[in-house]
Amino acid sequence: MKPTKILTYAGVLIVIVILIFNINPNSSVPEPGNYQEEIAKHREEKHLFMKSDKASPFIEQSVPFDSLKYYEADESFKVNATVEEINDGEIHQLATSDGKEKEFQEVAILHFDLKGTHQDLTLLESKESGLYFLSFYDETSAIQTYGSGRYLETEYEPGKSKVLLDFNYAYNPYCAYTTGYSCPVPLQKNQINIPITAGEKNYD
């Protein structure tokens, strides 16, 4: 798997997601093969990480762990987005779960069609770390999924005209499980106006 330049929040530290699941299980991108099996394997590896890895938020915060909940894998939520790069993009101060703010800059707009609708998501870059960050709300937010939005990883690189978005890999920030972490909320305009019934559900 190629290194991925993505922003993932694990506590107050930023984890650079690279290479393999054992570093961060959220980093998977599907390889050729049986799609349902790929999703099942990813979820099982993430379950083991959350249950027993010392970097798990449940282990770090001594919180009992049951299991993560997901929608059934649905390949129709896997789309190719057209990349519109932004030069000198707008800078945002994103609120975080611990009442602070983090500074991000817009770097690209990702345009895609999903379930008969056209959607746009804005990709950000952390001014602190230089890592990319993609998060969103949708019509399931605060109902079936985490109210402060979900995160999605992508193999975006400057100069790419297309990028894969697979919402079956949408996941919760650590703040969805316990306190003690600093998780930025999505831009308000990163609101998908249909239910994204794919990826991780609320943890309860």
# chains A, B, ... in the order shown; residues from 1 in each chain; ligands from 1
$ residues_around --residues "Lys69 (chain A)" --least-positions-apart "3" --cutoff "7 Å" --atoms "only C-alpha atoms" --output "number ranges by chain"
A: 200-203
$ residues_around --residues "region 170-178 of chain A" --least-positions-apart "5" --cutoff "6 Å" --atoms "only C-alpha atoms" --output "number ranges by chain"
A: 150-152, 199-200
$ closest_residue --among "A:Ile196, A:Ile143, A:Leu131, A:Ile39" --to "Tyr156 (chain A)" --atoms "only C-alpha atoms"
A:Leu131
$ residues_around --residues "Leu164 (chain A)" --least-positions-apart "2" --cutoff "8 Å" --atoms "only C-alpha atoms" --output "JSON list (two decimals) with N, CA and C atoms, in the first residue's frame"
[["chain", "number", "residue", "atom", "x", "y", "z"],
["A", 78, "LYS", "N", -19.07, 3.84, -3.34],
["A", 78, "LYS", "CA", -17.67, 3.97, -3.75],
["A", 78, "LYS", "C", -17.66, 4.73, -5.07],
["A", 79, "VAL", "N", -17.09, 5.94, -5.07],
["A", 79, "VAL", "CA", -17.18, 6.81, -6.25],
["A", 79, "VAL", "C", -15.82, 7.44, -6.55],
["A", 80, "ASN", "N", -15.65, 7.82, -7.81],
["A", 80, "ASN", "CA", -14.49, 8.60, -8.21],
["A", 80, "ASN", "C", -14.89, 10.07, -8.25],
["A", 81, "ALA", "N", -14.13, 10.90, -7.57],
["A", 81, "ALA", "CA", -14.41, 12.33, -7.53],
["A", 81, "ALA", "C", -13.44, 13.07, -8.44],
["A", 154, "THR", "N", -8.42, 9.61, 1.91],
["A", 154, "THR", "CA", -8.32, 9.62, 0.47],
["A", 154, "THR", "C", -6.86, 9.74, 0.07],
["A", 155, "GLU", "N", -6.50, 9.16, -1.05],
["A", 155, "GLU", "CA", -5.13, 9.21, -1.53],
["A", 155, "GLU", "C", -4.90, 10.42, -2.43],
["A", 162, "LYS", "N", -8.36, 12.93, -10.47],
["A", 162, "LYS", "CA", -9.41, 12.08, -9.90],
["A", 162, "LYS", "C", -8.93, 11.51, -8.57],
["A", 166, "ASP", "N", -14.47, 6.22, -0.94],
["A", 166, "ASP", "CA", -15.24, 5.03, -0.59],
["A", 166, "ASP", "C", -15.84, 5.23, 0.79]]
$ select_by_dssp --residues "chain A" --states "helix (DSSP H, G or I)" --output "PyMOL selection string"
chain A and resi 25-27+35-52+57-60+75-77+167-169+174-176
$ write_last_selection --atoms "N, CA and C atoms" --output "JSON list (two decimals), in the first residue's frame"
[["chain", "number", "residue", "atom", "x", "y", "z"],
["A", 25, "PRO", "N", -5.48, 1.34, 11.67],
["A", 25, "PRO", "CA", -6.37, 0.52, 10.87],
["A", 25, "PRO", "C", -7.31, 1.31, 10.00],
["A", 26, "ASN", "N", -7.42, 2.62, 10.19],
["A", 26, "ASN", "CA", -8.30, 3.42, 9.35],
["A", 26, "ASN", "C", -7.72, 3.67, 7.97],
["A", 27, "SER", "N", -6.48, 3.24, 7.74],
["A", 27, "SER", "CA", -5.79, 3.64, 6.52],
["A", 27, "SER", "C", -6.06, 2.76, 5.33],
["A", 35, "TYR", "N", -15.00, -7.59, -2.90],
["A", 35, "TYR", "CA", -15.19, -6.34, -2.16],
["A", 35, "TYR", "C", -15.75, -6.57, -0.77],
["A", 36, "GLN", "N", -16.75, -7.42, -0.64],
["A", 36, "GLN", "CA", -17.34, -7.69, 0.66],
["A", 36, "GLN", "C", -16.30, -8.25, 1.62],
["A", 37, "GLU", "N", -15.43, -9.12, 1.12],
["A", 37, "GLU", "CA", -14.38, -9.70, 1.96],
["A", 37, "GLU", "C", -13.38, -8.64, 2.38],
["A", 38, "GLU", "N", -13.07, -7.72, 1.48],
["A", 38, "GLU", "CA", -12.12, -6.64, 1.80],
["A", 38, "GLU", "C", -12.66, -5.78, 2.95],
["A", 39, "ILE", "N", -13.93, -5.43, 2.85],
["A", 39, "ILE", "CA", -14.54, -4.61, 3.90],
["A", 39, "ILE", "C", -14.57, -5.39, 5.22],
["A", 40, "ALA", "N", -14.95, -6.66, 5.16],
["A", 40, "ALA", "CA", -15.01, -7.48, 6.37],
["A", 40, "ALA", "C", -13.63, -7.60, 7.02],
["A", 41, "LYS", "N", -12.60, -7.77, 6.21],
["A", 41, "LYS", "CA", -11.24, -7.88, 6.74],
["A", 41, "LYS", "C", -10.81, -6.59, 7.41],
["A", 42, "HIS", "N", -11.08, -5.48, 6.75],
["A", 42, "HIS", "CA", -10.75, -4.18, 7.33],
["A", 42, "HIS", "C", -11.43, -3.98, 8.69],
["A", 43, "ARG", "N", -12.70, -4.34, 8.78],
["A", 43, "ARG", "CA", -13.44, -4.14, 10.02],
["A", 43, "ARG", "C", -12.96, -5.07, 11.12],
["A", 44, "GLU", "N", -12.60, -6.28, 10.77],
["A", 44, "GLU", "CA", -12.08, -7.20, 11.77],
["A", 44, "GLU", "C", -10.74, -6.71, 12.31],
["A", 45, "GLU", "N", -9.88, -6.21, 11.44],
["A", 45, "GLU", "CA", -8.58, -5.71, 11.89],
["A", 45, "GLU", "C", -8.75, -4.46, 12.76],
["A", 46, "LYS", "N", -9.71, -3.62, 12.40],
["A", 46, "LYS", "CA", -9.97, -2.45, 13.23],
["A", 46, "LYS", "C", -10.54, -2.85, 14.58],
["A", 47, "HIS", "N", -11.40, -3.87, 14.59],
["A", 47, "HIS", "CA", -11.94, -4.38, 15.86],
["A", 47, "HIS", "C", -10.82, -4.85, 16.78],
["A", 48, "LEU", "N", -9.87, -5.60, 16.23],
["A", 48, "LEU", "CA", -8.75, -6.09, 17.03],
["A", 48, "LEU", "C", -7.90, -4.94, 17.54],
["A", 49, "PHE", "N", -7.69, -3.94, 16.69],
["A", 49, "PHE", "CA", -6.93, -2.75, 17.11],
["A", 49, "PHE", "C", -7.63, -2.06, 18.28],
["A", 50, "MET", "N", -8.91, -1.79, 18.14],
["A", 50, "MET", "CA", -9.64, -1.09, 19.19],
["A", 50, "MET", "C", -9.70, -1.90, 20.48],
["A", 51, "LYS", "N", -9.76, -3.20, 20.36],
["A", 51, "LYS", "CA", -9.91, -4.06, 21.53],
["A", 51, "LYS", "C", -8.62, -4.22, 22.31],
["A", 52, "SER", "N", -7.46, -4.27, 21.62],
["A", 52, "SER", "CA", -6.25, -4.69, 22.32],
["A", 52, "SER", "C", -5.01, -3.86, 22.09],
["A", 57, "PRO", "N", -8.14, 4.15, 21.63],
["A", 57, "PRO", "CA", -8.70, 5.09, 22.61],
["A", 57, "PRO", "C", -9.34, 4.40, 23.80],
["A", 58, "PHE", "N", -9.81, 3.19, 23.59],
["A", 58, "PHE", "CA", -10.42, 2.44, 24.69],
["A", 58, "PHE", "C", -9.36, 1.97, 25.69],
["A", 59, "ILE", "N", -8.20, 1.57, 25.19],
["A", 59, "ILE", "CA", -7.10, 1.15, 26.07],
["A", 59, "ILE", "C", -6.49, 2.37, 26.75],
["A", 60, "GLU", "N", -6.24, 3.43, 25.98],
["A", 60, "GLU", "CA", -5.61, 4.63, 26.53],
["A", 60, "GLU", "C", -6.45, 5.27, 27.63],
["A", 75, "GLU", "N", -21.21, -1.26, -2.32],
["A", 75, "GLU", "CA", -20.24, -0.74, -3.27],
["A", 75, "GLU", "C", -20.75, 0.47, -4.05],
["A", 76, "SER", "N", -22.05, 0.73, -3.98],
["A", 76, "SER", "CA", -22.59, 1.92, -4.67],
["A", 76, "SER", "C", -22.16, 3.21, -3.98],
["A", 77, "PHE", "N", -21.60, 3.11, -2.76],
["A", 77, "PHE", "CA", -21.07, 4.29, -2.06],
["A", 77, "PHE", "C", -19.58, 4.48, -2.32],
["A", 167, "PHE", "N", -17.12, 5.53, 0.83],
["A", 167, "PHE", "CA", -17.78, 5.86, 2.09],
["A", 167, "PHE", "C", -18.00, 4.65, 2.98],
["A", 168, "ASN", "N", -17.75, 3.45, 2.48],
["A", 168, "ASN", "CA", -17.76, 2.28, 3.35],
["A", 168, "ASN", "C", -16.62, 2.33, 4.36],
["A", 169, "TYR", "N", -15.64, 3.19, 4.11],
["A", 169, "TYR", "CA", -14.52, 3.37, 5.03],
["A", 169, "TYR", "C", -14.67, 4.63, 5.88],
["A", 174, "TYR", "N", -11.99, 9.70, 17.35],
["A", 174, "TYR", "CA", -11.92, 9.08, 18.68],
["A", 174, "TYR", "C", -12.86, 9.73, 19.69],
["A", 175, "CYS", "N", -13.21, 11.00, 19.45],
["A", 175, "CYS", "CA", -14.12, 11.69, 20.37],
["A", 175, "CYS", "C", -15.50, 11.06, 20.42],
["A", 176, "ALA", "N", -15.84, 10.25, 19.43],
["A", 176, "ALA", "CA", -17.12, 9.56, 19.43],
["A", 176, "ALA", "C", -17.18, 8.47, 20.48]]
$ closest_atom_pairs --of "region 35-123 of chain A" --to "region 184-187 of chain A" --cutoff "9 Å" --atoms "only C-alpha atoms" --output "tab-separated table"
residue	atom	partner	partner_atom	distance
A:His92	CA	A:Leu187	CA	8.5
A:Leu94	CA	A:Pro184	CA	5.9
A:Ala95	CA	A:Pro184	CA	5.7
A:Thr96	CA	A:Pro184	CA	4.2
A:Ser97	CA	A:Pro184	CA	6.5
A:Lys100	CA	A:Pro184	CA	8.9
A:Glu101	CA	A:Pro184	CA	7.6
A:Lys102	CA	A:Pro184	CA	7.0
A:Thr122	CA	A:Leu187	CA	8.0
$ closest_residue --among "A:Pro195, A:Gly159, A:Gly116, A:Pro64" --to "Tyr137 (chain A)" --atoms "only C-alpha atoms"
A:Pro195
$ closest_residue --among "A:Thr197, A:Ser67, A:Leu110, A:Glu128" --to "Thr145 (chain A)" --atoms "only C-alpha atoms"
A:Thr197
$ select_by_dssp --residues "region 1-203 of chain A" --states "strand (DSSP E or B)" --output "number ranges by chain"
A: 7-10, 13-16, 70, 78-85, 91-96, 101-114, 117-126, 132-133, 135-137, 141, 145, 150-151, 162-166, 171, 184, 191, 200
$ residues_around --residues "Gln105 (chain A)" --least-positions-apart "5" --cutoff "9 Å" --atoms "only C-alpha atoms" --output "list in words"
Asp88, Gly89, Glu90, Ile91, His92, Gln93, Leu123, Leu124, Glu125, Ser126 and Lys127 of chain A
$ write_last_selection --atoms "N, CA and C atoms" --output "PDB file, in the first residue's frame"
ATOM      1  N   ASP A  88      -4.165  29.218  -2.991  1.00  0.00           N
ATOM      2  CA  ASP A  88      -4.337  30.192  -1.905  1.00  0.00           C
ATOM      3  C   ASP A  88      -5.754  30.117  -1.328  1.00  0.00           C
ATOM      4  N   GLY A  89      -6.141  28.904  -0.949  1.00  0.00           N
ATOM      5  CA  GLY A  89      -7.485  28.667  -0.448  1.00  0.00           C
ATOM      6  C   GLY A  89      -7.787  29.370   0.859  1.00  0.00           C
ATOM      7  N   GLU A  90      -9.066  29.501   1.131  1.00  0.00           N
ATOM      8  CA  GLU A  90      -9.528  30.144   2.363  1.00  0.00           C
ATOM      9  C   GLU A  90      -9.029  29.383   3.589  1.00  0.00           C
ATOM     10  N   ILE A  91      -8.676  30.126   4.613  1.00  0.00           N
ATOM     11  CA  ILE A  91      -8.213  29.537   5.870  1.00  0.00           C
ATOM     12  C   ILE A  91      -9.373  29.515   6.865  1.00  0.00           C
ATOM     13  N   HIS A  92      -9.527  28.386   7.538  1.00  0.00           N
ATOM     14  CA  HIS A  92     -10.606  28.204   8.507  1.00  0.00           C
ATOM     15  C   HIS A  92     -10.038  27.852   9.877  1.00  0.00           C
ATOM     16  N   GLN A  93     -10.687  28.358  10.918  1.00  0.00           N
ATOM     17  CA  GLN A  93     -10.406  27.947  12.282  1.00  0.00           C
ATOM     18  C   GLN A  93     -11.505  26.956  12.679  1.00  0.00           C
ATOM     19  N   LEU A 123     -11.639  19.569   0.591  1.00  0.00           N
ATOM     20  CA  LEU A 123     -10.489  18.948   1.243  1.00  0.00           C
ATOM     21  C   LEU A 123      -9.633  20.033   1.874  1.00  0.00           C
ATOM     22  N   LEU A 124      -9.222  19.809   3.109  1.00  0.00           N
ATOM     23  CA  LEU A 124      -8.430  20.784   3.854  1.00  0.00           C
ATOM     24  C   LEU A 124      -7.020  20.274   4.096  1.00  0.00           C
ATOM     25  N   GLU A 125      -6.135  21.215   4.399  1.00  0.00           N
ATOM     26  CA  GLU A 125      -4.770  20.888   4.805  1.00  0.00           C
ATOM     27  C   GLU A 125      -4.494  21.556   6.146  1.00  0.00           C
ATOM     28  N   SER A 126      -3.973  20.804   7.097  1.00  0.00           N
ATOM     29  CA  SER A 126      -3.644  21.361   8.401  1.00  0.00           C
ATOM     30  C   SER A 126      -2.486  22.338   8.275  1.00  0.00           C
ATOM     31  N   LYS A 127      -2.659  23.544   8.793  1.00  0.00           N
ATOM     32  CA  LYS A 127      -1.568  24.522   8.784  1.00  0.00           C
ATOM     33  C   LYS A 127      -0.488  24.131   9.779  1.00  0.00           C
TER      34      LYS A 127
END
